[in-house]
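Okay, work.tsv now, which holds TSV, C-alpha atoms:
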chain	number	residue	atom	x	y	z
A	1	MET	CA	75.31	125.25	75.76
A	2	PRO	CA	78.23	123.14	77.06
A	3	SER	CA	77.47	120.37	79.48
A	4	GLY	CA	79.59	118.38	81.91
A	5	ARG	CA	82.12	119.50	84.45
A	6	PRO	CA	83.64	122.93	83.95
A	7	LYS	CA	87.12	122.89	82.46
A	8	SER	CA	90.11	125.07	83.27
A	9	THR	CA	90.56	127.85	80.75
A	10	LEU	CA	93.31	126.90	78.34
A	11	VAL	CA	95.14	129.84	76.80
A	12	ILE	CA	98.27	129.37	74.68
A	13	THR	CA	100.77	132.11	73.93
A	14	THR	CA	102.11	132.55	70.40
A	15	ASP	CA	105.49	131.17	71.43
A	16	GLU	CA	103.90	128.11	73.04
A	17	ARG	CA	101.78	127.48	69.95
A	18	GLU	CA	104.90	127.63	67.77
A	19	GLN	CA	106.70	125.20	70.09
A	20	LEU	CA	103.75	122.80	70.06
A	21	GLU	CA	103.52	122.96	66.27
A	22	SER	CA	107.24	122.27	66.03
A	23	ILE	CA	106.90	119.24	68.32
A	24	ALA	CA	103.89	118.01	66.34
A	25	ARG	CA	105.83	118.27	63.05
A	26	SER	CA	108.99	116.70	64.43
A	27	ARG	CA	109.75	113.15	63.38
A	28	SER	CA	112.30	112.63	66.14
A	29	VAL	CA	109.98	112.87	69.14
A	30	GLY	CA	107.92	109.99	70.45
A	31	VAL	CA	104.42	109.30	69.21
A	32	ALA	CA	102.89	110.10	72.59
A	33	LEU	CA	104.51	113.54	72.84
A	34	ASN	CA	103.57	114.24	69.23
A	35	GLN	CA	99.94	113.43	69.99
A	36	ARG	CA	99.92	115.59	73.13
A	37	ALA	CA	101.33	118.50	71.13
A	38	LYS	CA	98.32	118.21	68.82
A	39	ILE	CA	95.70	117.75	71.55
A	40	VAL	CA	96.56	120.90	73.49
A	41	PRO	CA	96.17	123.43	70.63
A	42	ALA	CA	92.91	121.78	69.59
A	43	CYS	CA	91.62	122.28	73.13
A	44	ALA	CA	92.88	125.87	73.18
A	45	ASP	CA	90.99	126.58	69.95
A	46	GLY	CA	87.76	125.95	71.85
A	47	ALA	CA	86.95	122.39	70.80
A	48	TYR	CA	85.14	120.20	73.31
A	49	ASN	CA	87.10	117.36	74.90
A	50	GLN	CA	84.75	114.86	73.25
A	51	ASP	CA	85.44	116.28	69.78
A	52	VAL	CA	89.20	116.32	70.39
A	53	ALA	CA	89.08	112.72	71.66
A	54	LEU	CA	87.25	111.58	68.53
A	55	ARG	CA	89.56	113.54	66.23
A	56	PHE	CA	92.77	112.08	67.69
A	57	ARG	CA	91.29	108.67	68.57
A	58	VAL	CA	91.99	108.85	72.29
A	59	SER	CA	89.75	108.66	75.32
A	60	MET	CA	88.12	111.70	76.89
A	61	PRO	CA	90.06	111.21	80.15
A	62	THR	CA	93.27	111.36	78.10
A	63	VAL	CA	92.30	114.70	76.60
A	64	GLY	CA	91.31	115.99	80.04
A	65	LYS	CA	94.59	114.81	81.54
A	66	TRP	CA	96.78	116.60	79.01
A	67	ARG	CA	94.62	119.72	79.04
A	68	GLN	CA	94.96	119.94	82.82
A	69	ARG	CA	98.67	119.06	82.77
A	70	PHE	CA	99.30	121.87	80.28
A	71	VAL	CA	97.32	124.38	82.35
A	72	GLU	CA	99.34	123.47	85.45
A	73	ARG	CA	102.86	123.02	84.02
A	74	ARG	CA	102.73	124.43	80.48
A	75	ILE	CA	104.88	122.65	77.83
A	76	ALA	CA	107.08	120.91	80.41
A	77	GLY	CA	103.98	119.07	81.64
A	78	LEU	CA	103.58	117.28	78.30
A	79	TYR	CA	106.79	115.29	78.74
A	80	ASP	CA	106.74	111.89	80.44
A	81	GLU	CA	107.56	111.76	84.11
A	82	PRO	CA	110.09	109.25	85.46
A	83	ARG	CA	108.54	105.84	86.00
A	84	PRO	CA	108.67	104.06	89.34
A	85	GLY	CA	111.06	101.18	89.84
A	86	ALA	CA	114.77	100.59	89.85
A	87	PRO	CA	116.92	103.04	87.89
A	88	ARG	CA	118.44	101.88	84.62
A	89	SER	CA	121.73	100.03	85.05
A	90	ILE	CA	123.00	100.82	81.54
A	91	SER	CA	123.62	104.49	80.78
A	92	ASP	CA	122.75	106.28	77.55
A	93	GLU	CA	126.47	106.72	76.84
A	94	THR	CA	127.04	102.97	77.09
A	95	ILE	CA	124.16	102.30	74.72
A	96	ALA	CA	125.53	104.90	72.30
A	97	ARG	CA	128.94	103.18	72.37
A	98	LEU	CA	127.25	99.83	71.70
A	99	ILE	CA	125.36	101.20	68.71
A	100	ASN	CA	128.40	103.06	67.41
A	101	ALA	CA	130.59	99.93	67.67
A	102	THR	CA	127.89	97.84	65.97
A	103	LEU	CA	127.54	100.19	63.02
A	104	LYS	CA	131.10	101.39	62.51
A	105	THR	CA	133.39	98.48	63.41
A	106	LYS	CA	133.80	94.83	62.49
A	107	PRO	CA	134.76	91.96	64.78
A	108	GLN	CA	138.49	91.22	65.01
A	109	ASP	CA	137.95	87.53	64.23
A	110	GLY	CA	137.20	88.37	60.58
A	111	SER	CA	133.41	88.00	60.78
A	112	THR	CA	131.29	90.25	58.61
A	113	HIS	CA	128.98	91.35	61.40
A	114	TRP	CA	128.65	91.32	65.16
A	115	SER	CA	126.85	88.52	66.92
A	116	VAL	CA	125.12	89.12	70.23
A	117	ARG	CA	127.78	87.15	72.07
A	118	SER	CA	130.75	88.81	70.39
A	119	MET	CA	129.34	92.30	71.01
A	120	ALA	CA	128.57	91.41	74.62
A	121	ALA	CA	132.18	90.32	75.12
A	122	GLU	CA	133.49	93.46	73.40
A	123	THR	CA	131.37	95.95	75.39
A	124	ASP	CA	130.98	94.18	78.76
A	125	ILE	CA	127.20	94.37	78.48
A	126	SER	CA	125.17	91.23	79.14
A	127	LYS	CA	124.07	89.11	76.18
A	128	THR	CA	120.46	89.67	77.13
A	129	SER	CA	120.83	93.46	77.05
A	130	VAL	CA	122.78	93.41	73.78
A	131	HIS	CA	120.06	91.26	72.24
A	132	ARG	CA	117.38	93.68	73.46
A	133	TYR	CA	119.19	96.67	71.89
A	134	PHE	CA	119.87	94.79	68.66
A	135	ARG	CA	116.11	94.16	68.32
A	136	LEU	CA	115.35	97.87	68.55

File written out as structure tokens:
Amino acid sequence: MPSGRPKSTLVITTDEREQLESIARSRSVGVALNQRAKIVPACADGAYNQDVALRFRVSMPTVGKWRQRFVERRIAGLYDEPRPGAPRSISDETIARLINATLKTKPQDGSTHWSVRSMAAETDISKTSVHRYFRL
């Protein structure tokens, strides 16, 4: 007989299960989303939160959170919400241009690779930000 607080019934449609399996197999999504896509079907299969937490090496509140989030918002609830704080000052397009220039062009001064300072001057992004993106 189950013990503890009663849980919301978690039912997954065939389409949702396929989407979750696709996310779980994908190598291009983040680790957190990948893990959430594995937790939800395990819960839907009738496993206790404690067993799911042990299986995926997360805490029981984490399993409960994603179970509840899925019940309330379905697959969209598994994605991260925007974080508080100031919005990013460098757009995704600017970062893509930085990466593209780094990988596909060479400096005009004849160097074999871009330095942080030369790329910062070329793209009008601060040296600190260029350094941060180079480290990734």

(Q) For a test of reading the model, state the distance in Å between CA of Tyr133 in chain A and CA of Gln35 in chain A, rounded to one decimal. (A) 25.6 Å

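All residues of protein, DNA or RNA that reach within 12 Å of Ser59 in chain A, judged by only C-alpha atoms and not counting those fewer than 6 positions away in the chain, are Ile39, Asn49, Gln50, Asp51, Val52, Ala53, Lys65 and Trp66 of chain A.
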
Keeping only C-alpha atoms, take the residues you just selected and write them out as a short mmCIF file (atom, residue, chain, number, x, y, z; two decimals), in the frame of the given file.
data_model
loop_
_atom_site.label_atom_id
_atom_site.label_comp_id
_atom_site.auth_asym_id
_atom_site.auth_seq_id
_atom_site.Cartn_x
_atom_site.Cartn_y
_atom_site.Cartn_z
CA ILE A 39 95.70 117.75 71.55
CA ASN A 49 87.10 117.36 74.90
CA GLN A 50 84.75 114.86 73.25
CA ASP A 51 85.44 116.28 69.78
CA VAL A 52 89.20 116.32 70.39
CA ALA A 53 89.08 112.72 71.66
CA LYS A 65 94.59 114.81 81.54
CA TRP A 66 96.78 116.60 79.01
#

Q.
Please list as a list in words every residue within 12 Å of Arg74 in chain A, counting only C-alpha atoms and excluding residues in the same chain fewer than 3 positions away.
A.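 So, after excluding close chain neighbours, the residues are Leu10, Val11, Ile12, Thr13, Asp15, Glu16, Arg17, Gln19, Leu20, Arg36, Ala37, Val40, Pro41, Trp66, Arg67, Gln68, Arg69, Phe70, Val71, Gly77, Leu78 and Tyr79 of chain A.
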
Q | Residues within 10 Å of Ile95 in chain A, only C-alpha atoms, excluding chain neighbours under 6 positions, as a PyMOL selection string | A | chain A and resi 101+123+125+129-130+133

Q) Using all atoms listed in the file, which residue out of A:Arg135, A:Lys106, A:Arg25, A:Arg83 lies closest to Glu122 in chain A? A)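 Of all the options, A:Lys106 lies closest to Glu122 in chain A.
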
Q.
I'd like the interatomic distance between CA of Arg132 in chain A and CA of Ala24 in chain A, to a tenth of an Å.
A. 28.7 Å

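Our summary of the geometry notes that CA of Asp92 in chain A is positioned 26.2 Å from CA of Thr112 in chain A.
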
Q: Determine, counting only C-alpha atoms, which protein, DNA and RNA residues have an atom within 9 Å of an atom of Ile23 in chain A; residues of the same chain fewer than 4 positions away are not included. Present the result as an NGL selection string.
A: :A and (18-19 or 27-29 or 33-34 or 37-38)

Q. Of the candidates A:Arg73, A:Arg97, A:Arg88, A:Lys7, which shows the shortest atom-to-atom distance to Ala47 in chain A, using all atoms listed in the file?
A.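 Using all atoms listed in the file, the shortest distance to Ala47 in chain A belongs to A:Lys7.
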
Give the padded box for range 102-119 of chain A as lines of an AutoDock Vina configuration file: axis-aligned, covering all atoms listed in the file, 6 Å on each side, centre and edge lengths in Å to one decimal.
center_x = 131.8
center_y = 94.3
center_z = 65.3
size_x = 25.4
size_y = 26.2
size_z = 25.5

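The neighbours of Asn100 in chain A here are the residues that come within 12 Å of it, using only C-alpha atoms and leaving out any residue fewer than 6 positions away in the same chain; they are A:Glu93, A:Thr94, A:Lys106, A:Trp114, A:Met119, A:Thr123, A:Phe134.
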
**Q.** Nearest-residue call for Arg117 in chain A, choices A:Ser89, A:Thr105, A:Ile75, A:His131, using all atoms listed in the file
**A.** A:His131
